[in-house]
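Reproduced below: coords-v4.cif, with mmCIF, C-alpha atoms; chains and numbers go by the auth columns.
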```cif
data_run
#
loop_
_atom_site.group_PDB
_atom_site.id
_atom_site.type_symbol
_atom_site.label_atom_id
_atom_site.label_comp_id
_atom_site.label_asym_id
_atom_site.label_seq_id
_atom_site.Cartn_x
_atom_site.Cartn_y
_atom_site.Cartn_z
_atom_site.B_iso_or_equiv
_atom_site.auth_seq_id
_atom_site.auth_asym_id
ATOM 1 C CA MET A 1 -21.316 -8.867 14.446 0.00 1 V
ATOM 2 C CA THR A 2 -21.778 -5.208 13.728 0.00 2 V
ATOM 3 C CA TYR A 3 -19.786 -2.488 12.047 0.00 3 V
ATOM 4 C CA TYR A 4 -20.184 1.073 10.956 0.00 4 V
ATOM 5 C CA ALA A 5 -19.111 3.095 7.947 0.00 5 V
ATOM 6 C CA ARG A 6 -17.654 6.591 8.317 0.00 6 V
ATOM 7 C CA HIS A 7 -18.277 8.915 5.389 0.00 7 V
ATOM 8 C CA TRP A 8 -15.800 11.561 4.221 0.00 8 V
ATOM 9 C CA SER A 9 -17.965 14.182 5.931 0.00 9 V
ATOM 10 C CA GLY A 10 -17.597 12.486 9.315 0.00 10 V
ATOM 11 C CA ASP A 11 -21.156 11.114 9.354 0.00 11 V
ATOM 12 C CA SER A 12 -21.567 7.413 10.133 0.00 12 V
ATOM 13 C CA ASP A 13 -23.937 4.650 9.076 0.00 13 V
ATOM 14 C CA HIS A 14 -24.508 1.569 11.199 0.00 14 V
ATOM 15 C CA GLU A 15 -24.067 -1.507 8.983 0.00 15 V
ATOM 16 C CA LEU A 16 -24.144 0.238 5.624 0.00 16 V
ATOM 17 C CA PRO A 17 -24.904 -2.622 3.191 0.00 17 V
ATOM 18 C CA VAL A 18 -21.724 -4.072 1.668 0.00 18 V
ATOM 19 C CA GLU A 19 -23.294 -3.491 -1.754 0.00 19 V
ATOM 20 C CA ARG A 20 -23.054 0.247 -1.039 0.00 20 V
ATOM 21 C CA PHE A 21 -19.345 0.292 -0.170 0.00 21 V
ATOM 22 C CA GLY A 22 -18.681 1.435 -3.743 0.00 22 V
ATOM 23 C CA GLU A 23 -20.777 4.544 -3.040 0.00 23 V
ATOM 24 C CA LEU A 24 -18.692 5.153 0.070 0.00 24 V
ATOM 25 C CA LEU A 25 -15.520 5.031 -2.032 0.00 25 V
ATOM 26 C CA ASP A 26 -17.108 7.344 -4.605 0.00 26 V
ATOM 27 C CA GLU A 27 -17.361 10.007 -1.880 0.00 27 V
ATOM 28 C CA LEU A 28 -13.573 10.316 -1.982 0.00 28 V
ATOM 29 C CA ALA A 29 -13.927 12.202 -5.271 0.00 29 V
ATOM 30 C CA VAL A 30 -15.281 15.192 -3.324 0.00 30 V
ATOM 31 C CA ALA A 31 -13.232 14.699 -0.165 0.00 31 V
ATOM 32 C CA ASP A 32 -11.044 17.582 0.924 0.00 32 V
ATOM 33 C CA ARG A 33 -7.747 17.844 2.782 0.00 33 V
ATOM 34 C CA GLU A 34 -9.462 18.018 6.171 0.00 34 V
ATOM 35 C CA HIS A 35 -11.819 15.115 5.488 0.00 35 V
ATOM 36 C CA GLY A 36 -9.856 13.021 3.023 0.00 36 V
ATOM 37 C CA ASP A 37 -10.862 9.462 3.821 0.00 37 V
ATOM 38 C CA VAL A 38 -13.627 6.989 4.601 0.00 38 V
ATOM 39 C CA ALA A 39 -13.551 4.015 6.960 0.00 39 V
ATOM 40 C CA ILE A 40 -15.153 0.757 8.011 0.00 40 V
ATOM 41 C CA THR A 41 -14.921 -0.086 11.731 0.00 41 V
ATOM 42 C CA HIS A 42 -15.890 -3.508 13.074 0.00 42 V
ATOM 43 C CA GLU A 43 -17.267 -3.948 16.603 0.00 43 V
ATOM 44 C CA SER A 44 -13.953 -5.603 17.536 0.00 44 V
ATOM 45 C CA GLU A 45 -12.395 -2.117 17.042 0.00 45 V
ATOM 46 C CA TRP A 46 -10.561 -3.090 13.843 0.00 46 V
ATOM 47 C CA CYS A 47 -10.752 -0.162 11.461 0.00 47 V
ATOM 48 C CA LEU A 48 -9.830 0.105 7.784 0.00 48 V
ATOM 49 C CA THR A 49 -9.382 3.691 6.604 0.00 49 V
ATOM 50 C CA VAL A 50 -9.213 4.395 2.871 0.00 50 V
ATOM 51 C CA SER A 51 -7.708 7.556 1.384 0.00 51 V
ATOM 52 C CA ARG A 52 -8.329 9.071 -2.047 0.00 52 V
ATOM 53 C CA SER A 53 -4.972 7.728 -3.200 0.00 53 V
ATOM 54 C CA GLY A 54 -5.987 4.106 -2.581 0.00 54 V
ATOM 55 C CA ILE A 55 -3.700 3.796 0.436 0.00 55 V
ATOM 56 C CA VAL A 56 -5.400 1.950 3.290 0.00 56 V
ATOM 57 C CA VAL A 57 -4.609 1.959 7.000 0.00 57 V
ATOM 58 C CA LEU A 58 -5.571 -0.967 9.210 0.00 58 V
ATOM 59 C CA GLU A 59 -5.507 -0.610 12.964 0.00 59 V
ATOM 60 C CA ASN A 60 -7.145 -1.812 16.109 0.00 60 V
ATOM 61 C CA LEU A 61 -8.442 1.366 17.728 0.00 61 V
ATOM 62 C CA GLU A 62 -7.914 -0.079 21.210 0.00 62 V
ATOM 63 C CA ASP A 63 -4.443 -1.547 20.692 0.00 63 V
ATOM 64 C CA GLY A 64 -2.863 0.855 18.199 0.00 64 V
ATOM 65 C CA ASP A 65 0.027 -0.336 16.013 0.00 65 V
ATOM 66 C CA PRO A 66 -1.415 0.754 12.652 0.00 66 V
ATOM 67 C CA VAL A 67 -0.197 -0.673 9.372 0.00 67 V
ATOM 68 C CA HIS A 68 -0.678 0.691 5.861 0.00 68 V
ATOM 69 C CA ALA A 69 -0.528 -0.665 2.331 0.00 69 V
ATOM 70 C CA GLY A 70 -1.368 0.265 -1.209 0.00 70 V
ATOM 71 C CA PRO A 71 -2.317 1.967 -3.308 0.00 71 V
ATOM 72 C CA PHE A 72 -4.817 -0.715 -4.215 0.00 72 V
ATOM 73 C CA GLU A 73 -7.232 -1.013 -7.103 0.00 73 V
ATOM 74 C CA ARG A 74 -10.882 -0.338 -6.289 0.00 74 V
ATOM 75 C CA THR A 75 -11.886 -4.021 -6.352 0.00 75 V
ATOM 76 C CA GLU A 76 -9.207 -4.899 -3.810 0.00 76 V
ATOM 77 C CA VAL A 77 -10.218 -2.002 -1.549 0.00 77 V
ATOM 78 C CA LEU A 78 -13.832 -3.210 -1.670 0.00 78 V
ATOM 79 C CA ARG A 79 -12.674 -6.743 -0.740 0.00 79 V
ATOM 80 C CA LEU A 80 -10.685 -5.398 2.217 0.00 80 V
ATOM 81 C CA MET A 81 -13.626 -3.273 3.389 0.00 81 V
ATOM 82 C CA ALA A 82 -15.993 -6.253 3.249 0.00 82 V
ATOM 83 C CA ALA A 83 -13.525 -8.430 5.170 0.00 83 V
ATOM 84 C CA VAL A 84 -13.284 -5.863 7.981 0.00 84 V
ATOM 85 C CA ALA A 85 -17.083 -5.492 8.062 0.00 85 V
ATOM 86 C CA ARG A 86 -17.348 -9.269 8.553 0.00 86 V
ATOM 87 C CA GLY A 87 -14.599 -9.268 11.189 0.00 87 V
ATOM 88 C CA GLU A 88 -12.332 -11.388 8.985 0.00 88 V
ATOM 89 C CA ILE A 89 -9.130 -9.546 9.813 0.00 89 V
ATOM 90 C CA GLU A 90 -6.952 -12.583 9.067 0.00 90 V
ATOM 91 C CA ALA A 91 -8.263 -12.501 5.485 0.00 91 V
ATOM 92 C CA LEU A 92 -6.443 -9.204 4.928 0.00 92 V
ATOM 93 C CA GLY A 93 -3.099 -10.981 4.655 0.00 93 V
ATOM 94 C CA ALA A 94 0.192 -9.933 6.157 0.00 94 V
ATOM 95 C CA GLY A 95 2.560 -9.657 3.215 0.00 95 V
ATOM 96 C CA SER A 96 2.284 -6.105 1.931 0.00 96 V
ATOM 97 C CA TRP A 97 1.495 -4.181 5.130 0.00 97 V
ATOM 98 C CA LYS A 98 4.036 -1.676 6.448 0.00 98 V
ATOM 99 C CA ARG A 99 4.154 -0.397 10.013 0.00 99 V
ATOM 100 C CA GLY A 100 2.677 2.991 10.829 0.00 100 V
ATOM 101 C CA TYR A 101 0.193 5.303 9.183 0.00 101 V
ATOM 102 C CA ARG A 102 0.319 6.029 5.486 0.00 102 V
ATOM 103 C CA PRO A 103 3.081 8.402 4.453 0.00 103 V
ATOM 104 C CA THR A 104 2.033 12.010 4.290 0.00 104 V
ATOM 105 C CA PRO A 105 2.243 13.706 0.890 0.00 105 V
ATOM 106 C CA GLY A 106 4.999 16.216 0.270 0.00 106 V
ATOM 107 C CA PRO A 107 4.507 20.005 0.039 0.00 107 V
#
```
Here is a file; write its structure as structure tokens.
Amino acid sequence: MTYYARHWSGDSDHELPVERFGELLDELAVADREHGDVAITHESEWCLTVSRSGIVVLENLEDGDPVHAGPFERTEVLRLMAAVARGEIEALGAGSWKRGYRPTPGP
């Protein structure tokens, strides 16, 4: 199974070591409005996108129907990222997810 990590800048790393996911989250401190998130995408097309606010979006890039949840604490975000990297989508749980993309911030 393979996955890739997308940095806030848009650059990607193939199979960034899970131990470095914290560094990926740290990039959000310098993220801007245009590039305001990072993501882990599994070869199955499941993608977890993480915003600076701790809100995460989970979606299958082929099938659509995104869901969002959060904000989550850093340790929970790291757990979710690792689960997607391993292809363990069922481990993400179903309870707290809401349909659609994360709400957009007000003016």
Please evaluate the PyMOL selection byres ((chain V and resi 52) around 10) against the structure above and give the resulting residues as a CSV table (one decimal) with C-alpha atoms, in the coordinates of the input.
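Result written to result_8.csv:
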```csv
chain,number,residue,atom,x,y,z
V,25,LEU,CA,-15.5,5.0,-2.0
V,26,ASP,CA,-17.1,7.3,-4.6
V,27,GLU,CA,-17.4,10.0,-1.9
V,28,LEU,CA,-13.6,10.3,-2.0
V,29,ALA,CA,-13.9,12.2,-5.3
V,30,VAL,CA,-15.3,15.2,-3.3
V,31,ALA,CA,-13.2,14.7,-0.2
V,32,ASP,CA,-11.0,17.6,0.9
V,36,GLY,CA,-9.9,13.0,3.0
V,37,ASP,CA,-10.9,9.5,3.8
V,38,VAL,CA,-13.6,7.0,4.6
V,50,VAL,CA,-9.2,4.4,2.9
V,51,SER,CA,-7.7,7.6,1.4
V,53,SER,CA,-5.0,7.7,-3.2
V,54,GLY,CA,-6.0,4.1,-2.6
V,55,ILE,CA,-3.7,3.8,0.4
V,56,VAL,CA,-5.4,2.0,3.3
V,71,PRO,CA,-2.3,2.0,-3.3
```
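Among V:Glu90, V:Trp97, V:Leu58, V:Ala85, the residue with the shortest atom-to-atom distance to Gly70 of chain V, counting all atoms listed in the file, is V:Trp97.
Taking atom CA of Pro17 of chain V and atom CA of Val67 of chain V as endpoints, the distance between them is 25.5 Å.
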Practice task
Please write as a PyMOL selection string the list of polymer residues whose atoms come within 12 Å of (-14.0, -3.5, -7.1), counting only C-alpha atoms and keeping to the coordinates of the file.
Solution key: chain V and resi 18-23+25-26+54+72-82
Handout entry: Atom pair atom CA of Arg33 of chain V / atom CA of Tyr4 of chain V: separation (Å)
Key = 22.4 Å
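Between atom CA of Glu45 of chain V and atom CA of Leu61 of chain V the interatomic distance comes to 5.3 Å.
With distances taken over all atoms listed in the file, V:Thr41 is the one residue among V:Ala69, V:Thr41, V:Ser96, V:Val57 lying closest to Ala83 of chain V.
Residue neighbourhood of Arg6 of chain V, excluding near-sequence residues (fewer than 2 positions): Gly10, Asp11, Ser12, Val38 and Ala39 of chain V, at 6 Å, using only C-alpha atoms.
Within 9 Å of His42 of chain V, once all atoms listed in the file are used and residues closer than 3 positions along the same chain are dropped, the contacting residues are Met1, Thr2, Tyr3, Tyr4, Ala5, Glu45, Trp46, Cys47, Leu48, Val84, Ala85, Arg86 and Gly87 of chain V.
Comparing the minimum interatomic distances between Ile40 of chain V and each of V:Tyr101, V:His14, V:Asp65, V:Ala91, counting all atoms listed in the file, we find that V:His14 sits nearest.
With only C-alpha atoms as the basis for measurement, V:His7 is the residue among V:Glu88, V:Gly93, V:Gly100, V:His7 that approaches His35 of chain V most closely.
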